[in-house]
file run28.csv (CSV, C-alpha atoms)
chain,number,residue,atom,x,y,z
T,1,MET,CA,212.8,66.3,204.8
T,2,ARG,CA,209.0,66.4,204.4
T,3,LYS,CA,206.7,68.5,206.5
T,4,ARG,CA,203.7,67.0,208.1
T,5,ASN,CA,201.0,69.0,206.3
T,6,THR,CA,202.2,68.6,202.7
T,7,GLU,CA,199.9,67.9,199.8
T,8,SER,CA,200.7,67.1,196.2
T,9,ILE,CA,200.3,69.9,193.7
T,10,GLY,CA,197.6,67.9,191.9
T,11,GLU,CA,195.6,67.7,195.1
T,12,VAL,CA,196.0,71.4,195.7
T,13,LEU,CA,194.9,72.3,192.2
T,14,ARG,CA,191.9,69.9,192.4
T,15,GLN,CA,190.7,71.6,195.6
T,16,PHE,CA,191.2,75.0,194.0
T,17,PHE,CA,189.1,74.2,191.0
T,18,GLU,CA,186.4,72.6,193.1
T,19,GLU,CA,186.2,75.6,195.5
T,20,ASN,CA,186.0,78.2,192.7
T,21,PRO,CA,183.0,77.7,190.5
T,22,PHE,CA,184.1,80.2,187.9
T,23,PHE,CA,187.4,78.3,187.2
T,24,LYS,CA,185.6,75.0,187.5
T,25,ARG,CA,183.1,76.0,184.8
T,26,LYS,CA,185.8,77.4,182.5
T,27,PHE,CA,187.8,74.2,182.8
T,28,ALA,CA,184.7,72.2,181.9
T,29,GLU,CA,184.1,74.4,178.9
T,30,SER,CA,187.7,73.8,177.8
T,31,ARG,CA,187.2,70.0,178.1
T,32,ALA,CA,184.0,70.2,176.0
T,33,VAL,CA,185.8,72.1,173.2
T,34,THR,CA,188.8,69.8,173.2
T,35,GLY,CA,186.5,66.7,173.5
T,36,TRP,CA,185.0,67.4,170.1
T,37,SER,CA,187.8,65.7,168.2
T,38,GLN,CA,188.2,63.0,170.9
T,39,LEU,CA,184.5,62.0,170.9
T,40,LEU,CA,183.9,62.2,167.1
T,41,GLY,CA,187.2,60.9,165.9
T,42,SER,CA,189.9,62.2,163.5
T,43,MET,CA,187.7,61.9,160.4
T,44,ILE,CA,185.1,64.4,161.5
T,45,ALA,CA,187.8,66.5,163.2
T,46,SER,CA,189.5,66.8,159.8
T,47,TYR,CA,186.4,68.5,158.4
T,48,THR,CA,186.1,70.9,161.4
T,49,THR,CA,187.8,74.2,160.6
T,50,ASN,CA,186.9,76.2,163.8
T,51,ILE,CA,185.2,75.4,167.1
T,52,TYR,CA,184.5,77.6,170.1
T,53,LEU,CA,182.0,77.9,173.0
T,54,ARG,CA,180.3,81.1,173.9
T,55,ASN,CA,177.4,81.5,176.4
T,56,GLY,CA,176.6,77.8,176.4
T,57,VAL,CA,176.5,77.6,172.6
T,58,LEU,CA,179.1,75.5,170.8
T,59,TYR,CA,179.9,77.0,167.4
T,60,VAL,CA,181.4,74.5,164.9
T,61,SER,CA,182.5,75.4,161.4
T,62,LEU,CA,182.6,72.5,159.0
T,63,SER,CA,184.0,72.3,155.5
T,64,SER,CA,181.4,69.6,154.4
T,65,SER,CA,177.7,70.4,154.0
T,66,VAL,CA,176.9,66.7,154.0
T,67,LEU,CA,178.6,66.2,157.3
T,68,ARG,CA,176.8,69.3,158.6
T,69,SER,CA,173.4,67.8,157.8
T,70,GLU,CA,174.3,64.5,159.5
T,71,LEU,CA,175.5,66.2,162.6
T,72,ILE,CA,172.4,68.4,162.8
T,73,MET,CA,170.3,65.3,163.1
T,74,ALA,CA,172.5,64.0,165.9
T,75,LYS,CA,172.7,67.3,167.8
T,76,ASP,CA,170.9,66.2,171.0
T,77,ARG,CA,173.2,63.1,171.4
T,78,LEU,CA,176.3,65.2,170.7
T,79,ILE,CA,175.2,67.7,173.4
T,80,THR,CA,174.8,64.9,175.9
T,81,LYS,CA,178.1,63.3,175.1
T,82,LEU,CA,180.0,66.6,175.2
T,83,ASN,CA,178.5,67.5,178.6
T,84,GLU,CA,179.4,64.1,180.0
T,85,HIS,CA,182.9,64.5,178.7
T,86,ALA,CA,183.1,68.0,180.3
T,87,GLY,CA,181.8,66.7,183.7
T,88,MET,CA,179.0,69.3,183.9
T,89,PRO,CA,176.4,70.8,181.6
T,90,VAL,CA,178.2,73.5,179.8
T,91,VAL,CA,176.8,73.0,176.2
T,92,ASN,CA,173.2,73.9,175.7
T,93,ASP,CA,173.1,74.1,171.9
T,94,ILE,CA,175.3,73.5,168.9
T,95,ILE,CA,175.3,75.7,165.8
T,96,PHE,CA,176.9,74.2,162.8
T,97,ARG,CA,178.3,76.6,160.2

call {"tool": "encode", "arguments": {"input": "run28.csv", "output": "structure tokens"}}
result
Amino acid sequence: MRKRNTESIGEVLRQFFEENPFFKRKFAESRAVTGWSQLLGSMIASYTTNIYLRNGVLYVSLSSSVLRSELIMAKDRLITKLNEHAGMPVVNDIIFR
């Protein structure tokens, strides 16, 4: 038997993240980091050795210096795409190592 005021767990979690800006931001930061391989594809992801986000700066370690040079030139577009994927502006800069 269902109660009248029941909500799905998905709806409750969505409301929780929307009402708590700290968790909402952390969740968006997580989406930005995981979105790297989704947005850039498996070929570039295979050259990525480490990726993390700290204080609005995405640090990406790459094993190819040629790829690093190419990505530096496309940095502004990458920041825009990652922020769109995250759902809010969480990436301000990208540092390639």

call {"tool": "residues_around", "arguments": {"input": "run28.csv", "residues": "stretch 54-56 of chain T", "least_positions_apart": "5", "cutoff": "6 Å", "atoms": "only C-alpha atoms", "output": "short mmCIF file (atom, residue, chain, number, x, y, z; two decimals) with C-alpha atoms, in the coordinates of the input"}}
result
data_model
loop_
_atom_site.label_atom_id
_atom_site.label_comp_id
_atom_site.auth_asym_id
_atom_site.auth_seq_id
_atom_site.Cartn_x
_atom_site.Cartn_y
_atom_site.Cartn_z
CA VAL T 90 178.20 73.50 179.80
CA VAL T 91 176.80 73.00 176.20
CA ASN T 92 173.20 73.90 175.70
#

call {"tool": "closest_residue", "arguments": {"input": "run28.csv", "among": "T:Asp76, T:Leu82, T:Pro21, T:Ser63", "to": "T:Thr34", "atoms": "only C-alpha atoms"}}
result
T:Leu82

call {"tool": "atom_distance", "arguments": {"input": "run28.csv", "atom1": "atom CA of T:Ser64", "atom2": "atom CA of T:Thr48"}}
result
8.5 Å

call {"tool": "residues_around", "arguments": {"input": "run28.csv", "residues": "T:Lys81", "least_positions_apart": "3", "cutoff": "10 Å", "atoms": "all atoms listed in the file", "output": "VMD selection string"}}
result
chain T and resid 32 35 to 36 39 to 40 75 to 78 84 to 87 91

call {"tool": "closest_residue", "arguments": {"input": "run28.csv", "among": "T:Val57, T:Ile44, T:Leu13, T:Ala74", "to": "T:Phe27", "atoms": "all atoms listed in the file"}}
result
T:Leu13

call {"tool": "atom_distance", "arguments": {"input": "run28.csv", "atom1": "atom CA of T:Leu62", "atom2": "atom CA of T:Phe96"}}
result
7.1 Å

call {"tool": "closest_residue", "arguments": {"input": "run28.csv", "among": "T:Ile94, T:Leu67, T:Met88, T:Met43", "to": "T:Ala28", "atoms": "all atoms listed in the file"}}
result
T:Met88

call {"tool": "atom_distance", "arguments": {"input": "run28.csv", "atom1": "atom CA of T:Arg97", "atom2": "atom CA of T:Val60"}}
result
6.0 Å

call {"tool": "closest_residue", "arguments": {"input": "run28.csv", "among": "T:Ile95, T:Arg4, T:Pro89, T:Ala45", "to": "T:Lys24", "atoms": "only C-alpha atoms"}}
result
T:Pro89

call {"tool": "closest_residue", "arguments": {"input": "run28.csv", "among": "T:Phe22, T:Thr6, T:Asp93, T:Gln15", "to": "T:Leu58", "atoms": "all atoms listed in the file"}}
result
T:Asp93

call {"tool": "closest_residue", "arguments": {"input": "run28.csv", "among": "T:Asn5, T:Ser61, T:Glu11, T:Asn83", "to": "T:Thr49", "atoms": "all atoms listed in the file"}}
result
T:Ser61

call {"tool": "build_atoms", "arguments": {"input": "run28.csv", "residues": "stretch 39-50 of chain T", "atoms": "all heavy atoms", "output": "PDB file, keeping the file's coordinate frame"}}
result
ATOM      1  N   LEU T  39     185.774  62.725 170.901  1.00  0.00           N
ATOM      2  CA  LEU T  39     184.500  62.000 170.900  1.00  0.00           C
ATOM      3  C   LEU T  39     184.078  61.612 169.457  1.00  0.00           C
ATOM      4  O   LEU T  39     183.502  60.552 169.248  1.00  0.00           O
ATOM      5  CB  LEU T  39     183.409  62.804 171.550  1.00  0.00           C
ATOM      6  CG  LEU T  39     183.570  63.028 173.049  1.00  0.00           C
ATOM      7  CD1 LEU T  39     182.513  64.000 173.549  1.00  0.00           C
ATOM      8  CD2 LEU T  39     183.488  61.724 173.797  1.00  0.00           C
ATOM      9  N   LEU T  40     184.353  62.485 168.497  1.00  0.00           N
ATOM     10  CA  LEU T  40     183.900  62.200 167.100  1.00  0.00           C
ATOM     11  C   LEU T  40     184.908  61.615 166.223  1.00  0.00           C
ATOM     12  O   LEU T  40     184.572  61.185 165.133  1.00  0.00           O
ATOM     13  CB  LEU T  40     183.342  63.543 166.549  1.00  0.00           C
ATOM     14  CG  LEU T  40     182.147  64.101 167.300  1.00  0.00           C
ATOM     15  CD1 LEU T  40     181.780  65.465 166.786  1.00  0.00           C
ATOM     16  CD2 LEU T  40     180.967  63.164 167.198  1.00  0.00           C
ATOM     17  N   GLY T  41     186.140  61.581 166.649  1.00  0.00           N
ATOM     18  CA  GLY T  41     187.200  60.900 165.900  1.00  0.00           C
ATOM     19  C   GLY T  41     187.905  61.854 164.918  1.00  0.00           C
ATOM     20  O   GLY T  41     187.498  62.989 164.673  1.00  0.00           O
ATOM     21  N   SER T  42     188.975  61.334 164.372  1.00  0.00           N
ATOM     22  CA  SER T  42     189.900  62.200 163.500  1.00  0.00           C
ATOM     23  C   SER T  42     189.228  62.480 162.171  1.00  0.00           C
ATOM     24  O   SER T  42     189.527  63.516 161.587  1.00  0.00           O
ATOM     25  CB  SER T  42     191.191  61.456 163.338  1.00  0.00           C
ATOM     26  OG  SER T  42     190.995  60.207 162.703  1.00  0.00           O
ATOM     27  N   MET T  43     188.361  61.608 161.664  1.00  0.00           N
ATOM     28  CA  MET T  43     187.700  61.900 160.400  1.00  0.00           C
ATOM     29  C   MET T  43     186.862  63.100 160.403  1.00  0.00           C
ATOM     30  O   MET T  43     186.962  63.980 159.545  1.00  0.00           O
ATOM     31  CB  MET T  43     186.927  60.644 159.911  1.00  0.00           C
ATOM     32  CG  MET T  43     186.320  60.819 158.548  1.00  0.00           C
ATOM     33  SD  MET T  43     187.551  61.121 157.303  1.00  0.00           S
ATOM     34  CE  MET T  43     187.661  59.513 156.587  1.00  0.00           C
ATOM     35  N   ILE T  44     185.992  63.186 161.401  1.00  0.00           N
ATOM     36  CA  ILE T  44     185.100  64.400 161.500  1.00  0.00           C
ATOM     37  C   ILE T  44     185.938  65.585 161.935  1.00  0.00           C
ATOM     38  O   ILE T  44     185.681  66.693 161.467  1.00  0.00           O
ATOM     39  CB  ILE T  44     183.966  64.085 162.511  1.00  0.00           C
ATOM     40  CG1 ILE T  44     183.040  63.025 161.906  1.00  0.00           C
ATOM     41  CG2 ILE T  44     183.197  65.355 162.841  1.00  0.00           C
ATOM     42  CD1 ILE T  44     181.912  62.591 162.779  1.00  0.00           C
ATOM     43  N   ALA T  45     186.936  65.391 162.762  1.00  0.00           N
ATOM     44  CA  ALA T  45     187.800  66.500 163.200  1.00  0.00           C
ATOM     45  C   ALA T  45     188.530  67.103 161.985  1.00  0.00           C
ATOM     46  O   ALA T  45     188.819  68.305 161.977  1.00  0.00           O
ATOM     47  CB  ALA T  45     188.777  66.036 164.241  1.00  0.00           C
ATOM     48  N   SER T  46     188.835  66.287 160.980  1.00  0.00           N
ATOM     49  CA  SER T  46     189.500  66.800 159.800  1.00  0.00           C
ATOM     50  C   SER T  46     188.627  67.756 158.992  1.00  0.00           C
ATOM     51  O   SER T  46     189.120  68.603 158.257  1.00  0.00           O
ATOM     52  CB  SER T  46     190.033  65.674 158.927  1.00  0.00           C
ATOM     53  OG  SER T  46     188.953  64.968 158.347  1.00  0.00           O
ATOM     54  N   TYR T  47     187.309  67.621 159.101  1.00  0.00           N
ATOM     55  CA  TYR T  47     186.400  68.500 158.400  1.00  0.00           C
ATOM     56  C   TYR T  47     185.988  69.720 159.282  1.00  0.00           C
ATOM     57  O   TYR T  47     185.274  70.598 158.828  1.00  0.00           O
ATOM     58  CB  TYR T  47     185.090  67.763 158.029  1.00  0.00           C
ATOM     59  CG  TYR T  47     185.300  66.785 156.908  1.00  0.00           C
ATOM     60  CD1 TYR T  47     185.374  65.422 157.167  1.00  0.00           C
ATOM     61  CD2 TYR T  47     185.420  67.212 155.594  1.00  0.00           C
ATOM     62  CE1 TYR T  47     185.565  64.514 156.141  1.00  0.00           C
ATOM     63  CE2 TYR T  47     185.621  66.320 154.560  1.00  0.00           C
ATOM     64  CZ  TYR T  47     185.686  64.966 154.841  1.00  0.00           C
ATOM     65  OH  TYR T  47     185.882  64.080 153.822  1.00  0.00           O
ATOM     66  N   THR T  48     186.427  69.747 160.529  1.00  0.00           N
ATOM     67  CA  THR T  48     186.100  70.900 161.400  1.00  0.00           C
ATOM     68  C   THR T  48     187.205  71.923 161.259  1.00  0.00           C
ATOM     69  O   THR T  48     188.390  71.667 161.462  1.00  0.00           O
ATOM     70  CB  THR T  48     186.126  70.371 162.898  1.00  0.00           C
ATOM     71  OG1 THR T  48     185.172  69.315 163.024  1.00  0.00           O
ATOM     72  CG2 THR T  48     185.755  71.489 163.843  1.00  0.00           C
ATOM     73  N   THR T  49     186.788  73.126 160.877  1.00  0.00           N
ATOM     74  CA  THR T  49     187.800  74.200 160.600  1.00  0.00           C
ATOM     75  C   THR T  49     187.885  75.138 161.835  1.00  0.00           C
ATOM     76  O   THR T  49     188.945  75.706 162.055  1.00  0.00           O
ATOM     77  CB  THR T  49     187.380  75.004 159.386  1.00  0.00           C
ATOM     78  OG1 THR T  49     186.056  75.527 159.549  1.00  0.00           O
ATOM     79  CG2 THR T  49     187.431  74.130 158.147  1.00  0.00           C
ATOM     80  N   ASN T  50     186.818  75.300 162.605  1.00  0.00           N
ATOM     81  CA  ASN T  50     186.900  76.200 163.800  1.00  0.00           C
ATOM     82  C   ASN T  50     185.814  75.730 164.772  1.00  0.00           C
ATOM     83  O   ASN T  50     184.719  75.342 164.389  1.00  0.00           O
ATOM     84  CB  ASN T  50     186.599  77.638 163.351  1.00  0.00           C
ATOM     85  CG  ASN T  50     186.879  78.625 164.448  1.00  0.00           C
ATOM     86  OD1 ASN T  50     187.564  78.312 165.415  1.00  0.00           O
ATOM     87  ND2 ASN T  50     186.345  79.826 164.317  1.00  0.00           N
TER      88      ASN T  50
END
